[in-house]
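Source file entry.cif; content: mmCIF, C-alpha atoms.
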```cif
data_query
loop_
_atom_site.label_atom_id
_atom_site.label_comp_id
_atom_site.auth_asym_id
_atom_site.auth_seq_id
_atom_site.Cartn_x
_atom_site.Cartn_y
_atom_site.Cartn_z
CA MET A 1 51.66 104.03 52.67
CA ARG A 2 50.07 106.03 55.48
CA VAL A 3 49.54 104.11 58.72
CA TYR A 4 47.98 105.26 61.97
CA VAL A 5 49.80 104.13 65.09
CA PRO A 6 47.78 104.00 68.32
CA LEU A 7 49.64 105.16 71.41
CA THR A 8 49.20 106.65 74.85
CA LEU A 9 50.76 109.98 75.84
CA SER A 10 53.40 107.94 77.72
CA GLY A 11 54.06 105.97 74.53
CA LEU A 12 54.38 109.20 72.55
CA ALA A 13 56.86 110.54 75.13
CA GLU A 14 58.90 107.34 74.79
CA ALA A 15 58.85 107.59 70.98
CA TYR A 16 59.98 111.20 71.25
CA LYS A 17 62.90 110.22 73.51
CA THR A 18 64.03 107.29 71.33
CA GLY A 19 63.13 108.84 67.98
CA GLU A 20 61.29 105.65 66.99
CA LEU A 21 57.79 104.24 66.93
CA GLY A 22 57.76 100.58 67.93
CA SER A 23 60.67 98.33 68.70
CA GLY A 24 59.66 95.34 66.63
CA PRO A 25 56.54 94.29 64.82
CA PHE A 26 53.67 96.45 66.04
CA ALA A 27 50.02 97.05 65.22
CA ALA A 28 48.85 100.06 63.26
CA TYR A 29 45.84 100.86 61.09
CA ALA A 30 45.63 101.67 57.41
CA VAL A 31 43.31 101.61 54.43
CA THR A 32 43.18 97.86 53.79
CA PRO A 33 40.99 95.96 51.31
CA ALA A 34 38.80 94.79 54.21
CA LEU A 35 38.40 98.36 55.48
CA ARG A 36 37.45 99.49 51.97
CA GLU A 37 34.82 96.74 51.75
CA TRP A 38 33.44 97.51 55.22
CA TYR A 39 33.34 101.30 54.77
CA LEU A 40 31.90 101.18 51.24
CA SER A 41 33.63 104.28 49.95
CA ASP A 42 36.13 105.09 47.25
CA ASP A 43 37.02 108.46 48.79
CA ILE A 44 40.56 108.05 50.14
CA GLU A 45 40.12 110.85 52.69
CA GLU A 46 37.04 109.14 54.12
CA LEU A 47 38.87 105.80 54.20
CA GLU A 48 41.88 107.32 55.96
CA TYR A 49 39.54 108.93 58.47
CA ALA A 50 38.01 105.49 59.11
CA ALA A 51 41.51 104.03 59.65
CA LEU A 52 42.33 106.91 62.02
CA ASN A 53 39.18 106.15 64.02
CA ARG A 54 40.09 102.45 64.21
CA ALA A 55 43.49 103.51 65.60
CA ALA A 56 41.77 105.83 68.09
CA LEU A 57 39.77 102.86 69.43
CA ALA A 58 42.99 100.86 69.71
CA SER A 59 44.54 103.81 71.59
CA LEU A 60 41.59 103.73 74.00
CA ARG A 61 42.42 100.07 74.67
CA LEU A 62 46.06 100.97 75.32
CA VAL A 63 44.97 103.69 77.76
CA ALA A 64 42.81 101.09 79.52
CA LEU A 65 45.84 98.83 79.96
CA ASP A 66 47.95 101.58 81.56
CA PRO A 67 46.39 102.91 84.78
CA GLY A 68 49.01 105.68 84.95
CA ALA A 69 48.48 106.97 81.42
CA PRO A 70 46.66 110.27 80.96
CA ARG A 71 43.14 109.57 79.75
CA ARG A 72 43.60 110.88 76.22
CA ARG A 73 43.77 108.92 72.98
CA VAL A 74 46.85 109.42 70.81
CA VAL A 75 47.38 108.41 67.18
CA VAL A 76 50.49 109.13 65.11
CA ALA A 77 50.07 109.26 61.34
CA VAL A 78 53.26 108.03 59.71
CA ASP A 79 54.32 107.14 56.20
CA VAL A 80 56.03 103.79 55.70
CA PRO A 81 57.25 102.16 52.49
CA ASP A 82 54.75 99.99 50.64
CA GLY A 83 55.09 96.46 51.97
CA ALA A 84 56.32 97.59 55.41
CA ALA A 85 52.77 97.26 56.76
CA VAL A 86 50.86 94.06 56.06
CA ALA A 87 47.29 93.06 56.86
CA ASP A 88 46.69 89.54 58.19
CA PRO A 89 44.55 87.84 55.52
CA ASP A 90 43.18 85.39 58.10
CA ARG A 91 41.69 88.26 60.11
CA GLY A 92 40.61 90.29 57.09
CA LEU A 93 36.90 90.57 57.81
CA ASP A 94 37.07 90.13 61.59
CA PRO A 95 35.27 93.28 62.78
CA SER A 96 37.80 93.81 65.56
CA ALA A 97 40.68 93.75 63.05
CA LEU A 98 39.32 96.00 60.30
CA GLY A 99 42.14 98.15 59.00
CA GLU A 100 44.71 96.52 61.27
CA VAL A 101 48.19 96.01 59.85
CA ARG A 102 51.51 94.83 61.27
CA VAL A 103 54.49 97.08 60.75
CA GLY A 104 57.60 94.92 60.58
CA GLY A 105 59.98 97.01 62.65
CA ALA A 106 60.68 100.34 64.24
CA VAL A 107 59.83 103.45 62.24
CA ALA A 108 61.65 106.74 62.69
CA LEU A 109 59.43 109.29 64.39
CA ALA A 110 60.83 111.76 61.84
CA LYS A 111 58.65 109.99 59.24
CA ALA A 112 55.52 111.03 61.12
CA ALA A 113 53.16 113.32 59.26
CA ALA A 114 51.07 114.40 62.25
CA VAL A 115 49.90 113.57 65.74
CA HIS A 116 46.21 113.27 66.59
CA LEU A 117 45.27 113.75 70.24
CA ASP A 118 42.18 114.19 72.38
CA SER A 119 41.49 117.65 73.75
CA ASP A 120 41.42 118.23 77.50
CA GLU A 121 37.62 118.29 77.26
CA ALA A 122 37.58 114.64 76.16
CA GLU A 123 39.34 113.32 79.27
CA ALA A 124 36.18 112.73 81.32
CA ASP A 125 34.52 110.79 78.50
CA VAL A 126 37.70 108.83 77.75
CA THR A 127 38.03 107.98 81.45
CA ALA A 128 34.41 106.80 81.56
CA ALA A 129 34.94 104.72 78.38
CA VAL A 130 38.07 103.09 79.80
CA ASP A 131 36.09 102.09 82.90
CA VAL A 132 33.42 100.24 80.89
CA LEU A 133 35.40 98.98 77.89
CA GLY A 134 35.31 95.35 79.04
CA ALA A 135 31.55 95.46 79.52
CA ALA A 136 31.11 97.03 76.07
CA ASP A 137 33.20 94.23 74.56
CA ARG A 138 30.86 91.71 76.21
CA GLY A 139 27.85 93.31 74.52
CA ASP A 140 26.57 95.67 77.23
CA ASP A 141 24.65 98.33 75.29
CA ASP A 142 24.87 100.93 78.06
CA ALA A 143 28.63 100.48 78.24
CA GLN A 144 28.89 100.73 74.45
CA PHE A 145 26.99 104.02 74.64
CA VAL A 146 29.66 105.34 77.02
CA VAL A 147 32.47 104.15 74.71
CA ASP A 148 30.70 105.80 71.78
CA GLY A 149 30.63 109.03 73.81
CA ALA A 150 34.43 109.04 73.89
CA GLU A 151 34.56 108.22 70.19
CA ASP A 152 32.34 111.22 69.48
CA HIS A 153 35.26 113.51 70.36
CA GLU A 154 37.26 114.45 67.31
CA LEU A 155 40.99 114.04 67.75
CA LEU A 156 42.88 117.29 67.34
CA TRP A 157 45.64 117.58 64.72
CA PHE A 158 49.15 118.59 65.75
CA ALA A 159 52.30 119.09 63.70
CA THR A 160 55.18 116.81 64.60
CA GLN A 161 57.17 119.86 65.75
CA GLU A 162 54.67 120.14 68.62
CA ILE A 163 55.36 116.67 70.07
CA SER A 164 57.81 117.95 72.70
CA ASN A 165 55.13 120.30 74.04
CA LEU A 166 52.43 117.61 73.91
CA VAL A 167 54.49 115.27 76.09
CA GLY A 168 55.68 118.03 78.43
CA LEU A 169 59.29 118.10 77.27
CA GLY A 170 59.13 121.41 75.40
CA ASP A 171 61.03 124.52 76.23
#
```

Structure re-expressed in structure tokens:
Amino acid sequence: MRVYVPLTLSGLAEAYKTGELGSGPFAAYAVTPALREWYLSDDIEELEYAALNRAALASLRLVALDPGAPRRRVVVAVDVPDGAAVADPDRGLDPSALGEVRVGGAVALAKAAAVHLDSDEAEADVTAAVDVLGAADRGDDDAQFVVDGAEDHELLWFATQEISNLVGLGD
């Protein structure tokens, strides 16, 4: 099963150093029954793209919690065994939890398929979104417009071999 793990660049650097994503149960995003129902598509690529975008929003929230983190969203696509990621049936149709799954334990970074990361050009919009995320959550339409501006940036795709360069540890 493909899951999308939201991180910050600092979190990606830590995963690179330890060789693992997560240290215990952690949140990720995947194509869940609730996401399928919400997105109304049978196209698996479209559904995975929706799960990736849900993870990107979760990454934005992680960036907001870490004042020292570079203002770029990071999502790692990783394959885990079926059953290793489980959706909470009680939160199934909660809009804030669409596509959310819990991965039971650490996953080897070597299982990652790709890294998705904001371009340098997205930093200003991500920074602005981080600054108004709380207001957007409280229903402020102007703040939501700013958050949507960050979400309008497509995450770039990187091969896992590029992680050391992405986190500044490359040769």

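The shortest atom-to-atom distance to Asp120 of chain A, with only C-alpha atoms taken into account, belongs to A:Leu156 out of A:Leu52, A:Ala30, A:Leu156, A:Ala84.
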
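Every residue that the PyMOL selection byres ((chain A and resi 125) around 10) selects in this file is listed here: Arg71, Arg72, Glu121, Ala122, Glu123, Ala124, Val126, Thr127, Ala128, Ala129, Val130, Asp131, Val146, Val147, Asp148, Gly149, Ala150, Glu151, Asp152 and His153 of chain A.
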
(message) Given all atoms listed in the file as the basis, pick out the residue of A:Leu166, A:Val101, A:Val31, A:Ala13 nearest to Val86 of chain A.
(response) A:Val101

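Counting only C-alpha atoms and comparing A:Ser41, A:Thr160, A:Ser96, A:Thr8, the residue that lies closest to Lys111 of chain A is A:Thr160.
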
(message) Counting all atoms listed in the file, which residues sit no farther than 8 Å from the position (52.7, 105.9, 53.0) in the file's frame? I'd like them as a ChimeraX atom specification.
(response) /A:1-3,78-82

(message) Just checking: using only C-alpha atoms, which residue out of A:Gly134, A:Gly68, A:Gly83, A:Gly168 ends up closest to Gly105 of chain A?
(response) A:Gly83

For segment 50-135 of chain A versus segment 25-29 of chain A, which residues have an atom no more than 6 Å away, and what is each residue's nearest atom pair and distance in Å rounded to one decimal, using only C-alpha atoms, chain-then-number order, as CSV?
```
residue,atom,partner,partner_atom,distance
A:Ala51,CA,A:Tyr29,CA,5.6
A:Ala55,CA,A:Tyr29,CA,5.7
A:Gly99,CA,A:Tyr29,CA,5.0
A:Glu100,CA,A:Tyr29,CA,4.5
A:Val101,CA,A:Ala28,CA,5.3
A:Arg102,CA,A:Ala27,CA,4.8
A:Val103,CA,A:Pro25,CA,5.3
A:Gly104,CA,A:Pro25,CA,4.4
A:Gly105,CA,A:Pro25,CA,4.9
```

(message) With 9 Å as the threshold, what does the neighbourhood of (59.3, 103.4, 63.2) contain in terms of residues, counting only C-alpha atoms? Coordinates are those of the file; answer as a ChimeraX atom specification.
(response) /A:15,19-24,78,80,103,105-112

(message) Using Å and a single decimal, report how far atom CA of Glu46 of chain A sits from atom CA of Val63 of chain A.
(response) 25.5 Å

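For the file at hand, the PyMOL selection byres ((chain A and resi 56) around 9) resolves to Tyr4, Val5, Pro6, Leu7, Ala51, Leu52, Asn53, Arg54, Ala55, Leu57, Ala58, Ser59, Leu60, Arg61, Arg73, Val74, Val75, His116, Leu117, Glu151 and Leu155 of chain A.
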
(request) Could you list the residues chosen by the PyMOL selection byres ((chain A and resi 164) around 12) in this structure as a ChimeraX atom specification? (result) /A:9,12-17,19,115,158-163,165-171

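Between atom CA of Pro89 of chain A and atom CA of Arg36 of chain A the interatomic distance comes to 14.1 Å.
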